[in-house]
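For reference, the structure discussed in these notes is given below.
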Amino acid sequence: MILPGLDLPLGTIWCVGRNYADHAAEMGAPAPETPVIFTKPASSVLTLGGALRLPPDSKRVDHEVELVAARARDGSLRMAVGVDFTARDIQDELKKKGLPWTAAKGRPGFAAIGPFVPAKLPAELTLSVNGTLRQRGSTADMLFSVPRLLEHLDAVYSLRPGDVVFTGTPRGVGPVAAGDRVDASLGGGVSRLTLTVAG
Ligand code: ZN
C-alpha cells in the first residue's frame, strides 16, 4: 500500500501513547518519562473516504486525533492527520490484566490516515463528529516533540523507509457510533480526513 503524499510502500505503524499531559490526565494516568510505544498491523489502515466498521465485541470505540509523522524518500519530514481508533472497553480490560493492547488498537480501520504533506510545526489538530467539535489541540503541547519521537524510535527500533508514527492525542477523546461522520484536520486543513462509521 502506498499512502497518499508519501511515495513509499507502507512500513511499520508506530504509535505513541500519552504524549499530551491533558490527555494523560483525562485517562487518569501519569505523564510518562520515556515515550510509550505500541504498533498497529498494516491491516488496520483506513485511507480517504473509508468507512470504519465497529467491532462486534466492543461497546465503546473512541476517536483519538493525531499528527502522523513520516520521512519522505528524500528524508524530509511529512505529516498527515490521523485517527487512532481505540476499543476503550477492551483496552481497559487489557490494562487491568497487564496484557498488550493489540486487540484494542489493531482492528481493521483503526489507523485512519489522511494525505501526507510537508511538515510545518507546530500544527493544530481538530476532530469533529457530525459537525460538533470534540478535540482541538496543538502539537506544541506534546510531551515528546516529533523530532524527539523519531530519534527515540530510530535509536531503539531502527526506523525504516515507509514507517509512519501516530504521535499521540490531545484531550477530548470520546466514543463514535454507527452512522457518525468524523472529520479530522491538521494544520488548519492542509491534511484532512473524513470518514463514516458503519454498524
Ligand atoms: Zn493514540
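Each chain in the C-alpha cells gets a letter, A, B and so on, in the order shown; residues start at 1 in every chain, and ligands are counted from 1 in the order they appear.
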
Closest-contact table, chain A side, partner ligand 1, 8 Å, counting only C-alpha atoms and all ligand atoms, as JSON lines:
{"residue": "A:Cys15", "atom": "CA", "partner": "ligand 1", "partner_atom_place_in_ligand_line": "1 (Zn)", "distance": 6.6}
{"residue": "A:Val16", "atom": "CA", "partner": "ligand 1", "partner_atom_place_in_ligand_line": "1 (Zn)", "distance": 6.3}
{"residue": "A:Gly17", "atom": "CA", "partner": "ligand 1", "partner_atom_place_in_ligand_line": "1 (Zn)", "distance": 5.5}
{"residue": "A:Arg18", "atom": "CA", "partner": "ligand 1", "partner_atom_place_in_ligand_line": "1 (Zn)", "distance": 7.4}
{"residue": "A:Glu64", "atom": "CA", "partner": "ligand 1", "partner_atom_place_in_ligand_line": "1 (Zn)", "distance": 5.4}
{"residue": "A:Val65", "atom": "CA", "partner": "ligand 1", "partner_atom_place_in_ligand_line": "1 (Zn)", "distance": 7.4}
{"residue": "A:Glu66", "atom": "CA", "partner": "ligand 1", "partner_atom_place_in_ligand_line": "1 (Zn)", "distance": 6.8}
{"residue": "A:Val83", "atom": "CA", "partner": "ligand 1", "partner_atom_place_in_ligand_line": "1 (Zn)", "distance": 7.7}
{"residue": "A:Asp84", "atom": "CA", "partner": "ligand 1", "partner_atom_place_in_ligand_line": "1 (Zn)", "distance": 5.0}
{"residue": "A:Phe85", "atom": "CA", "partner": "ligand 1", "partner_atom_place_in_ligand_line": "1 (Zn)", "distance": 7.4}
{"residue": "A:Thr86", "atom": "CA", "partner": "ligand 1", "partner_atom_place_in_ligand_line": "1 (Zn)", "distance": 7.6}
{"residue": "A:Phe166", "atom": "CA", "partner": "ligand 1", "partner_atom_place_in_ligand_line": "1 (Zn)", "distance": 6.8}
{"residue": "A:Thr167", "atom": "CA", "partner": "ligand 1", "partner_atom_place_in_ligand_line": "1 (Zn)", "distance": 7.1}
{"residue": "A:Gly168", "atom": "CA", "partner": "ligand 1", "partner_atom_place_in_ligand_line": "1 (Zn)", "distance": 4.6}
{"residue": "A:Thr169", "atom": "CA", "partner": "ligand 1", "partner_atom_place_in_ligand_line": "1 (Zn)", "distance": 5.3}

Which segment 64-130 of chain A residues have any atom within 9 Å of an atom of segment 1-11 of chain A, and for each, what is the nearest pair of atoms with distance in Å to one decimal, counting only C-alpha atoms, rows sorted by chain and number, as a Markdown table?
| residue | atom | partner | partner_atom | distance |
| --- | --- | --- | --- | --- |
| A:Ala70 | CA | A:Leu6 | CA | 8.0 |
| A:Arg71 | CA | A:Leu6 | CA | 8.2 |
| A:Ala72 | CA | A:Leu6 | CA | 6.1 |
| A:Arg73 | CA | A:Asp7 | CA | 6.9 |
| A:Arg78 | CA | A:Leu6 | CA | 7.7 |
| A:Ala80 | CA | A:Gly5 | CA | 8.7 |
| A:Ile113 | CA | A:Leu3 | CA | 8.1 |
| A:Gly114 | CA | A:Pro4 | CA | 7.4 |
| A:Pro115 | CA | A:Pro4 | CA | 4.9 |
| A:Phe116 | CA | A:Gly5 | CA | 4.4 |
| A:Val117 | CA | A:Gly5 | CA | 6.1 |
| A:Pro118 | CA | A:Gly5 | CA | 8.8 |

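Residues within 12 Å of Val173 of chain A, counting only C-alpha atoms and excluding same-chain residues fewer than 6 positions away, are A:Arg18, A:Asp22, A:His23, A:Ala24, A:Ala25, A:Glu26, A:Met27, A:Arg60, A:Val61, A:Asp62, A:His63, A:Glu64, A:Val65, A:Glu66, A:Val83, A:Asp84, A:Phe85, A:Thr86, A:Ala87, A:Arg88, A:Thr126, A:Leu127, A:Ser128, A:Val129, A:Leu133, A:Arg134, A:Gln135, A:Arg136, A:Gly137.
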
If you run DSSP on the backbone here, which positions in chain A get alpha helix (DSSP H)? Please write them as a PDB file with N, CA, C and O atoms, in the first residue's frame.
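Saved to part21.pdb:
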ATOM      1  N   ALA A  21      -0.033  16.008  28.092  1.00  0.00           N
ATOM      2  CA  ALA A  21      -0.333  15.941  29.529  1.00  0.00           C
ATOM      3  C   ALA A  21      -1.839  15.972  29.781  1.00  0.00           C
ATOM      4  O   ALA A  21      -2.342  15.255  30.656  1.00  0.00           O
ATOM      5  N   ASP A  22      -2.601  16.776  28.975  1.00  0.00           N
ATOM      6  CA  ASP A  22      -4.046  16.883  29.243  1.00  0.00           C
ATOM      7  C   ASP A  22      -4.777  15.575  28.927  1.00  0.00           C
ATOM      8  O   ASP A  22      -5.760  15.237  29.574  1.00  0.00           O
ATOM      9  N   HIS A  23      -4.277  14.804  27.941  1.00  0.00           N
ATOM     10  CA  HIS A  23      -4.903  13.509  27.650  1.00  0.00           C
ATOM     11  C   HIS A  23      -4.516  12.472  28.710  1.00  0.00           C
ATOM     12  O   HIS A  23      -5.354  11.687  29.152  1.00  0.00           O
ATOM     13  N   ALA A  24      -3.249  12.466  29.133  1.00  0.00           N
ATOM     14  CA  ALA A  24      -2.826  11.545  30.209  1.00  0.00           C
ATOM     15  C   ALA A  24      -3.706  11.786  31.433  1.00  0.00           C
ATOM     16  O   ALA A  24      -4.182  10.848  32.080  1.00  0.00           O
ATOM     17  N   ALA A  25      -3.972  13.081  31.727  1.00  0.00           N
ATOM     18  CA  ALA A  25      -4.788  13.428  32.902  1.00  0.00           C
ATOM     19  C   ALA A  25      -6.214  12.913  32.746  1.00  0.00           C
ATOM     20  O   ALA A  25      -6.790  12.366  33.690  1.00  0.00           O
ATOM     21  N   GLU A  26      -6.806  13.052  31.518  1.00  0.00           N
ATOM     22  CA  GLU A  26      -8.194  12.591  31.350  1.00  0.00           C
ATOM     23  C   GLU A  26      -8.276  11.067  31.416  1.00  0.00           C
ATOM     24  O   GLU A  26      -9.340  10.515  31.685  1.00  0.00           O
ATOM     25  N   ARG A  88     -12.069   1.213  23.771  1.00  0.00           N
ATOM     26  CA  ARG A  88     -11.662   1.603  25.126  1.00  0.00           C
ATOM     27  C   ARG A  88     -12.027   0.556  26.168  1.00  0.00           C
ATOM     28  O   ARG A  88     -11.263   0.320  27.115  1.00  0.00           O
ATOM     29  N   ASP A  89     -13.200  -0.077  26.006  1.00  0.00           N
ATOM     30  CA  ASP A  89     -13.587  -1.093  26.995  1.00  0.00           C
ATOM     31  C   ASP A  89     -12.622  -2.278  26.968  1.00  0.00           C
ATOM     32  O   ASP A  89     -12.245  -2.812  28.014  1.00  0.00           O
ATOM     33  N   ILE A  90     -12.188  -2.653  25.760  1.00  0.00           N
ATOM     34  CA  ILE A  90     -11.242  -3.769  25.634  1.00  0.00           C
ATOM     35  C   ILE A  90      -9.880  -3.349  26.180  1.00  0.00           C
ATOM     36  O   ILE A  90      -9.217  -4.094  26.902  1.00  0.00           O
ATOM     37  N   GLN A  91      -9.473  -2.099  25.865  1.00  0.00           N
ATOM     38  CA  GLN A  91      -8.177  -1.613  26.373  1.00  0.00           C
ATOM     39  C   GLN A  91      -8.163  -1.592  27.908  1.00  0.00           C
ATOM     40  O   GLN A  91      -7.168  -1.967  28.528  1.00  0.00           O
ATOM     41  N   ASP A  92      -9.281  -1.161  28.507  1.00  0.00           N
ATOM     42  CA  ASP A  92      -9.349  -1.114  29.978  1.00  0.00           C
ATOM     43  C   ASP A  92      -9.141  -2.514  30.575  1.00  0.00           C
ATOM     44  O   ASP A  92      -8.418  -2.675  31.556  1.00  0.00           O
ATOM     45  N   GLU A  93      -9.773  -3.524  29.952  1.00  0.00           N
ATOM     46  CA  GLU A  93      -9.613  -4.911  30.430  1.00  0.00           C
ATOM     47  C   GLU A  93      -8.166  -5.377  30.275  1.00  0.00           C
ATOM     48  O   GLU A  93      -7.605  -5.998  31.172  1.00  0.00           O
ATOM     49  N   LEU A  94      -7.567  -5.066  29.105  1.00  0.00           N
ATOM     50  CA  LEU A  94      -6.186  -5.486  28.843  1.00  0.00           C
ATOM     51  C   LEU A  94      -5.227  -4.824  29.820  1.00  0.00           C
ATOM     52  O   LEU A  94      -4.294  -5.458  30.334  1.00  0.00           O
ATOM     53  N   LYS A  95      -5.480  -3.517  30.098  1.00  0.00           N
ATOM     54  CA  LYS A  95      -4.620  -2.784  31.034  1.00  0.00           C
ATOM     55  C   LYS A  95      -4.665  -3.444  32.412  1.00  0.00           C
ATOM     56  O   LYS A  95      -3.630  -3.618  33.060  1.00  0.00           O
ATOM     57  N   LYS A  96      -5.893  -3.785  32.850  1.00  0.00           N
ATOM     58  CA  LYS A  96      -6.054  -4.424  34.171  1.00  0.00           C
ATOM     59  C   LYS A  96      -5.251  -5.708  34.259  1.00  0.00           C
ATOM     60  O   LYS A  96      -4.683  -6.030  35.292  1.00  0.00           O
ATOM     61  N   LYS A  97      -5.237  -6.456  33.136  1.00  0.00           N
ATOM     62  CA  LYS A  97      -4.545  -7.753  33.130  1.00  0.00           C
ATOM     63  C   LYS A  97      -3.070  -7.625  32.756  1.00  0.00           C
ATOM     64  O   LYS A  97      -2.353  -8.620  32.723  1.00  0.00           O
ATOM     65  N   THR A 102      -2.989  -4.822  21.454  1.00  0.00           N
ATOM     66  CA  THR A 102      -3.316  -5.083  20.046  1.00  0.00           C
ATOM     67  C   THR A 102      -4.816  -5.280  19.802  1.00  0.00           C
ATOM     68  O   THR A 102      -5.374  -4.725  18.854  1.00  0.00           O
ATOM     69  N   ALA A 103      -5.484  -6.019  20.666  1.00  0.00           N
ATOM     70  CA  ALA A 103      -6.918  -6.294  20.466  1.00  0.00           C
ATOM     71  C   ALA A 103      -7.766  -5.027  20.581  1.00  0.00           C
ATOM     72  O   ALA A 103      -8.879  -4.966  20.066  1.00  0.00           O
ATOM     73  N   ALA A 104      -7.243  -4.006  21.253  1.00  0.00           N
ATOM     74  CA  ALA A 104      -7.980  -2.747  21.424  1.00  0.00           C
ATOM     75  C   ALA A 104      -7.606  -1.704  20.375  1.00  0.00           C
ATOM     76  O   ALA A 104      -8.363  -0.775  20.123  1.00  0.00           O
ATOM     77  N   LYS A 105      -6.437  -1.856  19.760  1.00  0.00           N
ATOM     78  CA  LYS A 105      -5.894  -0.811  18.884  1.00  0.00           C
ATOM     79  C   LYS A 105      -5.694  -1.242  17.435  1.00  0.00           C
ATOM     80  O   LYS A 105      -5.481  -0.399  16.568  1.00  0.00           O
ATOM     81  N   VAL A 146       7.957  15.830  17.853  1.00  0.00           N
ATOM     82  CA  VAL A 146       8.073  14.907  16.716  1.00  0.00           C
ATOM     83  C   VAL A 146       9.538  14.519  16.459  1.00  0.00           C
ATOM     84  O   VAL A 146       9.851  13.334  16.352  1.00  0.00           O
ATOM     85  N   PRO A 147      10.485  15.480  16.375  1.00  0.00           N
ATOM     86  CA  PRO A 147      11.884  15.076  16.161  1.00  0.00           C
ATOM     87  C   PRO A 147      12.407  14.154  17.268  1.00  0.00           C
ATOM     88  O   PRO A 147      13.139  13.198  16.998  1.00  0.00           O
ATOM     89  N   ARG A 148      11.994  14.425  18.508  1.00  0.00           N
ATOM     90  CA  ARG A 148      12.451  13.579  19.622  1.00  0.00           C
ATOM     91  C   ARG A 148      11.886  12.165  19.520  1.00  0.00           C
ATOM     92  O   ARG A 148      12.570  11.182  19.809  1.00  0.00           O
ATOM     93  N   LEU A 149      10.610  12.069  19.119  1.00  0.00           N
ATOM     94  CA  LEU A 149       9.993  10.744  18.959  1.00  0.00           C
ATOM     95  C   LEU A 149      10.703   9.947  17.867  1.00  0.00           C
ATOM     96  O   LEU A 149      10.984   8.760  18.029  1.00  0.00           O
ATOM     97  N   LEU A 150      10.994  10.624  16.734  1.00  0.00           N
ATOM     98  CA  LEU A 150      11.659   9.927  15.634  1.00  0.00           C
ATOM     99  C   LEU A 150      13.055   9.470  16.058  1.00  0.00           C
ATOM    100  O   LEU A 150      13.487   8.359  15.737  1.00  0.00           O
ATOM    101  N   GLU A 151      13.740  10.327  16.799  1.00  0.00           N
ATOM    102  CA  GLU A 151      15.074   9.989  17.295  1.00  0.00           C
ATOM    103  C   GLU A 151      14.996   8.765  18.229  1.00  0.00           C
ATOM    104  O   GLU A 151      15.801   7.838  18.140  1.00  0.00           O
ATOM    105  N   HIS A 152      13.989   8.770  19.126  1.00  0.00           N
ATOM    106  CA  HIS A 152      13.807   7.653  20.063  1.00  0.00           C
ATOM    107  C   HIS A 152      13.510   6.356  19.309  1.00  0.00           C
ATOM    108  O   HIS A 152      14.132   5.316  19.559  1.00  0.00           O
ATOM    109  N   LEU A 153      12.554   6.427  18.358  1.00  0.00           N
ATOM    110  CA  LEU A 153      12.179   5.220  17.612  1.00  0.00           C
ATOM    111  C   LEU A 153      13.360   4.699  16.810  1.00  0.00           C
ATOM    112  O   LEU A 153      13.588   3.490  16.734  1.00  0.00           O
ATOM    113  N   ASP A 154      14.122   5.631  16.228  1.00  0.00           N
ATOM    114  CA  ASP A 154      15.269   5.222  15.429  1.00  0.00           C
ATOM    115  C   ASP A 154      16.331   4.550  16.300  1.00  0.00           C
ATOM    116  O   ASP A 154      16.910   3.530  15.929  1.00  0.00           O
ATOM    117  N   ALA A 155      16.549   5.116  17.485  1.00  0.00           N
ATOM    118  CA  ALA A 155      17.590   4.581  18.365  1.00  0.00           C
ATOM    119  C   ALA A 155      17.206   3.203  18.915  1.00  0.00           C
ATOM    120  O   ALA A 155      18.040   2.301  19.008  1.00  0.00           O
ATOM    121  N   VAL A 156      15.931   3.037  19.281  1.00  0.00           N
ATOM    122  CA  VAL A 156      15.527   1.797  19.964  1.00  0.00           C
ATOM    123  C   VAL A 156      15.115   0.702  18.977  1.00  0.00           C
ATOM    124  O   VAL A 156      15.418  -0.477  19.184  1.00  0.00           O
ATOM    125  N   TYR A 157      14.408   1.092  17.880  1.00  0.00           N
ATOM    126  CA  TYR A 157      13.827   0.077  16.989  1.00  0.00           C
ATOM    127  C   TYR A 157      14.390   0.118  15.573  1.00  0.00           C
ATOM    128  O   TYR A 157      14.123  -0.788  14.795  1.00  0.00           O
TER     129      TYR A 157
END

So how many Å separate atom CA of Leu186 of chain A and atom CA of Val81 of chain A, to one decimal?
5.3 Å

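Considering the residues A:Leu54, A:Ala42, A:Leu67, A:Leu159 and counting only C-alpha atoms, Pro122 of chain A has its shortest atom-to-atom contact with A:Leu67.
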
Using only C-alpha atoms, which residues sit within 9 Å of Asn19 of chain A once same-chain residues fewer than 5 positions away are excluded, as a ChimeraX atom specification?
/A:24,31-32,35-36,141-145,167-170

Selection near Thr132 of chain A, 12 Å with only C-alpha atoms, sequence-local residues under 5 positions removed, as a ChimeraX atom specification:
/A:126-127,172,180-184

Strand (DSSP E) positions in segment 16-187 of chain A, given as a PyMOL selection string
chain A and resi 16-17+36-40+45-46+51-53+61-63+65-71+77-84+86-87+111-113+117-118+124-129+132-138+164-166+174-176+181-186

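Across the model, the gap from atom CA of Ser185 of chain A to atom CA of Gly162 of chain A is 21.9 Å.
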
Which one of A:Gly179, A:Gly28, A:Pro41, A:Gly131 sits closest to Trp14 of chain A if you count only C-alpha atoms?
A:Pro41

Which residues, written as a PyMOL selection string, have at least one atom at most 9 Å from Ala112 of chain A, with only C-alpha atoms counted and residues fewer than 2 positions away on the same chain left out?
chain A and resi 44-48+50+52+81-85+109-110+114+193+195

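Distances to Ser76 of chain A were evaluated for A:Thr34, A:Ala119, A:Leu99, A:Ser43 using only C-alpha atoms, and the minimum falls at A:Ala119.
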
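Between atom CA of Pro100 of chain A and atom CA of Thr196 of chain A lies a distance of 27.8 Å.
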
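Residue nearest Leu77 of chain A within the list A:Gly188, A:Ala177, A:Ser158, A:Lys120: A:Lys120 [criterion: smallest interatomic distance, only C-alpha atoms].
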
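Comparing A:Val190, A:Val197, A:Ala69, A:Val164 by their smallest distance to Lys40 of chain A, the closest is A:Val164 (using only C-alpha atoms).
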